[in-house]
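K.L.:
Have a look at this one.
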Amino acid sequence: MFSENTLWLMLAIFSLSVAITLASDPDPVQDFCIPNPRFGAMKTSHANMHYTLPCKNSSEVTTDDFVFSGMKASGNNFSDTGLAVVSASPTNFPGLNTLGLSFARADIEVGGINPPHFHPRATELVHVVQGKVYSGFVDSSNRVFARVLEQGEVMVLPKGLVHFMMNVGDEPATLFGSFNSQNPGIQKIPSAVFGSGIDEELLQKAFGLTPKQIGTMRKKFDPKTAG
């Protein structure tokens, strides 16, 4: 007969395993699930943050559903930090649906950056195909793991940790990133802090900034206060 301590330990292990399972994309229960456009736009379940989509009949699926051509060239819209991103997810690449992964191409102008951000639901694998990029992440003890990546090198950025990139070469840089979730999410640190409506007094105390400085940052990162 199990002791009370043993039962509590088994319950804790079971609860942890369930939490880990629920924290990742579910395993597919069929070969593939191509979204059926006849049912309208994609729907998202906010309870588990996974896409829930009706599937096409397999007889209607074609090879084109499993091919994405949108990353042949860089994105057209570069941000004020010199970054352009083209993403591939089930919204524009139907073949990814239910497979637990997504993809992105990032182009960074000379001196440009991909500001500190994190993906709450995915680990990212970055592959540099052109240029030199200073890339890294910060762990939960505030230790920085960073170095300059050159063409052909790959770096892994653990799930949920803040990471960043900067083009330190003399030519535009191109990277490809893969994620182990079809909905990795993204939280950009500057926008999350200064563009989310956090109480101004708290921000002043947290960062040692004056009301004027807080106002300047909010105008930059919060569209509602611009203009």
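Chain labels follow the order of the structure tokens: the first chain is A, the next B, and so on; residue numbering restarts at 1 in every chain, and ligands are counted from 1 in their shown order.
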Identify, on the basis of only C-alpha atoms, every residue whose closest approach to Met217 (chain A) does not exceed 7 Å; exclude the query and any residue fewer than 4 positions from it along the same chain; express the result as a PyMOL selection string.

P.N.:
chain A and resi 194+213+221

K.L.:
With DSSP run on the backbone, what are the strand (DSSP E) residues within region 47-222 of chain A? I'd like them as a PyMOL selection string.

P.N.:
chain A and resi 50-52+83-88+102-108+113-118+124-130+133-138+144-149+154-157+162-167+173-179+187-188

K.L.:
Would you give me, as a Markdown table, each residue of region 117-195 of chain A having an atom within 7 Å of an atom of region 83-105 of chain A, along with its shortest atom pair and that distance in Å to one decimal, using only C-alpha atoms and sorting by chain and residue number?

P.N.:
```
| residue | atom | partner | partner_atom | distance |
| --- | --- | --- | --- | --- |
| A:Leu175 | CA | A:Arg105 | CA | 5.9 |
| A:Phe176 | CA | A:Arg105 | CA | 4.6 |
| A:Gly177 | CA | A:Ala104 | CA | 5.1 |
| A:Ser178 | CA | A:Phe103 | CA | 4.5 |
| A:Phe179 | CA | A:Ser102 | CA | 5.2 |
| A:Asn180 | CA | A:Leu101 | CA | 4.5 |
| A:Ser181 | CA | A:Leu101 | CA | 4.2 |
| A:Gln182 | CA | A:Leu101 | CA | 4.3 |
```

K.L.:
Would you mind listing what lies within 12 Å of Ser140 (chain A) as a VMD selection string, with only C-alpha atoms counted and same-chain residues fewer than 3 positions away left out?

P.N.:
chain A and resid 137 143 to 145 158 to 163

K.L.:
Produce a file of the selected residues containing all heavy atoms, as an mmCIF file, in the first residue's frame.

P.N.:
```
data_model
loop_
_atom_site.group_PDB
_atom_site.id
_atom_site.type_symbol
_atom_site.label_atom_id
_atom_site.label_comp_id
_atom_site.auth_asym_id
_atom_site.auth_seq_id
_atom_site.Cartn_x
_atom_site.Cartn_y
_atom_site.Cartn_z
ATOM 1 N N PHE A 137 20.807 35.557 -26.258
ATOM 2 C CA PHE A 137 19.654 35.566 -25.368
ATOM 3 C C PHE A 137 20.116 35.769 -23.937
ATOM 4 O O PHE A 137 21.306 35.662 -23.618
ATOM 5 C CB PHE A 137 18.852 34.266 -25.503
ATOM 6 C CG PHE A 137 19.588 33.022 -25.078
ATOM 7 C CD1 PHE A 137 19.542 32.564 -23.772
ATOM 8 C CD2 PHE A 137 20.330 32.295 -26.005
ATOM 9 C CE1 PHE A 137 20.217 31.417 -23.379
ATOM 10 C CE2 PHE A 137 21.017 31.142 -25.634
ATOM 11 C CZ PHE A 137 20.958 30.696 -24.316
ATOM 12 N N ARG A 143 22.147 36.207 -17.235
ATOM 13 C CA ARG A 143 23.407 35.931 -17.927
ATOM 14 C C ARG A 143 23.158 36.003 -19.430
ATOM 15 O O ARG A 143 22.195 35.439 -19.942
ATOM 16 C CB ARG A 143 23.931 34.548 -17.559
ATOM 17 C CG ARG A 143 25.269 34.222 -18.209
ATOM 18 C CD ARG A 143 25.735 32.826 -17.819
ATOM 19 N NE ARG A 143 26.961 32.460 -18.501
ATOM 20 C CZ ARG A 143 27.517 31.253 -18.453
ATOM 21 N NH1 ARG A 143 26.959 30.298 -17.724
ATOM 22 N NH2 ARG A 143 28.628 31.004 -19.113
ATOM 23 N N VAL A 144 24.022 36.711 -20.136
ATOM 24 C CA VAL A 144 23.897 36.871 -21.581
ATOM 25 C C VAL A 144 24.724 35.810 -22.301
ATOM 26 O O VAL A 144 25.907 35.617 -21.987
ATOM 27 C CB VAL A 144 24.357 38.275 -22.024
ATOM 28 C CG1 VAL A 144 24.273 38.406 -23.545
ATOM 29 C CG2 VAL A 144 23.509 39.342 -21.362
ATOM 30 N N PHE A 145 24.103 35.142 -23.260
ATOM 31 C CA PHE A 145 24.795 34.197 -24.131
ATOM 32 C C PHE A 145 24.715 34.784 -25.543
ATOM 33 O O PHE A 145 23.657 34.720 -26.183
ATOM 34 C CB PHE A 145 24.121 32.825 -24.089
ATOM 35 C CG PHE A 145 24.191 32.147 -22.755
ATOM 36 C CD1 PHE A 145 23.286 32.471 -21.754
ATOM 37 C CD2 PHE A 145 25.169 31.196 -22.492
ATOM 38 C CE1 PHE A 145 23.343 31.844 -20.513
ATOM 39 C CE2 PHE A 145 25.237 30.563 -21.259
ATOM 40 C CZ PHE A 145 24.323 30.893 -20.255
ATOM 41 N N PRO A 158 16.301 29.476 -26.563
ATOM 42 C CA PRO A 158 15.328 28.717 -25.772
ATOM 43 C C PRO A 158 13.983 29.428 -25.603
ATOM 44 O O PRO A 158 13.913 30.659 -25.544
ATOM 45 C CB PRO A 158 16.032 28.544 -24.417
ATOM 46 C CG PRO A 158 17.492 28.635 -24.740
ATOM 47 C CD PRO A 158 17.579 29.656 -25.834
ATOM 48 N N LYS A 159 12.956 28.632 -25.511
ATOM 49 C CA LYS A 159 11.591 29.141 -25.395
ATOM 50 C C LYS A 159 11.431 30.086 -24.207
ATOM 51 O O LYS A 159 11.884 29.799 -23.101
ATOM 52 C CB LYS A 159 10.603 27.978 -25.250
ATOM 53 C CG LYS A 159 9.148 28.405 -25.092
ATOM 54 C CD LYS A 159 8.192 27.246 -25.176
ATOM 55 C CE LYS A 159 8.288 26.315 -24.008
ATOM 56 N NZ LYS A 159 7.237 25.265 -24.047
ATOM 57 N N GLY A 160 10.778 31.213 -24.443
ATOM 58 C CA GLY A 160 10.434 32.124 -23.366
ATOM 59 C C GLY A 160 11.540 33.037 -22.900
ATOM 60 O O GLY A 160 11.310 33.877 -22.026
ATOM 61 N N LEU A 161 12.747 32.923 -23.459
ATOM 62 C CA LEU A 161 13.853 33.776 -23.033
ATOM 63 C C LEU A 161 14.027 34.945 -23.997
ATOM 64 O O LEU A 161 13.892 34.807 -25.208
ATOM 65 C CB LEU A 161 15.158 32.982 -22.949
ATOM 66 C CG LEU A 161 15.191 31.851 -21.914
ATOM 67 C CD1 LEU A 161 16.585 31.247 -21.843
ATOM 68 C CD2 LEU A 161 14.741 32.344 -20.535
ATOM 69 N N VAL A 162 14.357 36.109 -23.426
ATOM 70 C CA VAL A 162 14.555 37.314 -24.229
ATOM 71 C C VAL A 162 15.769 37.132 -25.135
ATOM 72 O O VAL A 162 16.835 36.688 -24.687
ATOM 73 C CB VAL A 162 14.771 38.546 -23.317
ATOM 74 C CG1 VAL A 162 15.149 39.773 -24.140
ATOM 75 C CG2 VAL A 162 13.506 38.823 -22.508
ATOM 76 N N HIS A 163 15.614 37.472 -26.420
ATOM 77 C CA HIS A 163 16.735 37.377 -27.349
ATOM 78 C C HIS A 163 16.725 38.560 -28.315
ATOM 79 O O HIS A 163 15.783 39.359 -28.334
ATOM 80 C CB HIS A 163 16.734 36.045 -28.095
ATOM 81 C CG HIS A 163 15.453 35.719 -28.784
ATOM 82 N ND1 HIS A 163 14.388 35.117 -28.152
ATOM 83 C CD2 HIS A 163 15.037 35.898 -30.074
ATOM 84 C CE1 HIS A 163 13.402 34.933 -28.995
ATOM 85 N NE2 HIS A 163 13.761 35.407 -30.187
#
```

K.L.:
Would you mind reading off the distance between CA of Ala192 (chain A) and CA of Val156 (chain A), one decimal, in Å?

P.N.:
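Here the two named atoms are 23.4 Å from each other.
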
K.L.:
Just want the 10 Å neighbourhood of Ser79 (chain A), counted on only C-alpha atoms, with same-chain residues fewer than 2 positions away dropped. Output as a compact mmCIF listing (two decimals) with C-alpha atoms, in the first residue's frame.

P.N.:
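Result written to result.txt:
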```
# COMPACT_ATOMS: atom_id res chain seq x y z
CA ASN A 76 8.95 44.94 -48.55
CA ASN A 77 8.41 46.81 -45.31
CA THR A 81 15.07 49.49 -36.71
CA GLY A 82 16.05 48.11 -40.14
CA LEU A 83 14.18 44.80 -39.90
CA ALA A 84 11.87 43.09 -42.40
CA VAL A 85 10.21 39.76 -41.60
CA ILE A 108 18.36 43.19 -41.37
CA GLU A 109 19.89 46.28 -42.91
CA GLY A 112 19.85 47.35 -38.08
CA ILE A 113 18.49 45.36 -35.16
CA ASN A 114 15.81 42.91 -34.18
```

K.L.:
Arg121 (chain A): which residues within 8 Å, counting only C-alpha atoms, same-chain residues fewer than 2 positions away excluded, as a short mmCIF file (atom, residue, chain, number, x, y, z; two decimals) with N, CA, C and O atoms, in the first residue's frame?

P.N.:
```cif
data_model
loop_
_atom_site.label_atom_id
_atom_site.label_comp_id
_atom_site.auth_asym_id
_atom_site.auth_seq_id
_atom_site.Cartn_x
_atom_site.Cartn_y
_atom_site.Cartn_z
N ALA A 23 1.48 22.54 -22.43
CA ALA A 23 2.24 23.73 -22.77
C ALA A 23 2.81 23.68 -24.17
O ALA A 23 3.43 24.62 -24.62
N SER A 24 2.63 22.60 -24.89
CA SER A 24 3.15 22.48 -26.24
C SER A 24 2.03 22.17 -27.20
O SER A 24 0.91 21.85 -26.80
N HIS A 119 9.48 34.62 -27.46
CA HIS A 119 8.36 33.84 -27.97
C HIS A 119 7.86 32.96 -26.82
O HIS A 119 8.56 32.03 -26.42
N THR A 123 10.63 27.49 -28.89
CA THR A 123 12.08 27.65 -29.05
C THR A 123 12.33 28.02 -30.50
O THR A 123 11.62 27.58 -31.40
N LYS A 159 12.96 28.63 -25.51
CA LYS A 159 11.59 29.14 -25.40
C LYS A 159 11.43 30.09 -24.21
O LYS A 159 11.88 29.80 -23.10
N GLY A 160 10.78 31.21 -24.44
CA GLY A 160 10.43 32.12 -23.37
C GLY A 160 11.54 33.04 -22.90
O GLY A 160 11.31 33.88 -22.03
N SER A 181 6.45 25.53 -32.74
CA SER A 181 5.03 25.76 -32.50
C SER A 181 4.47 26.45 -33.74
O SER A 181 5.15 27.29 -34.35
N ASN A 183 2.14 28.48 -33.51
CA ASN A 183 1.69 29.77 -33.00
C ASN A 183 2.63 30.19 -31.87
O ASN A 183 2.25 30.21 -30.70
N PRO A 184 3.90 30.55 -32.21
CA PRO A 184 4.89 30.82 -31.16
C PRO A 184 4.59 32.06 -30.34
O PRO A 184 5.00 32.15 -29.19
N GLY A 185 3.89 33.02 -30.93
CA GLY A 185 3.65 34.28 -30.24
C GLY A 185 4.92 35.12 -30.20
O GLY A 185 6.03 34.60 -30.36
#
```
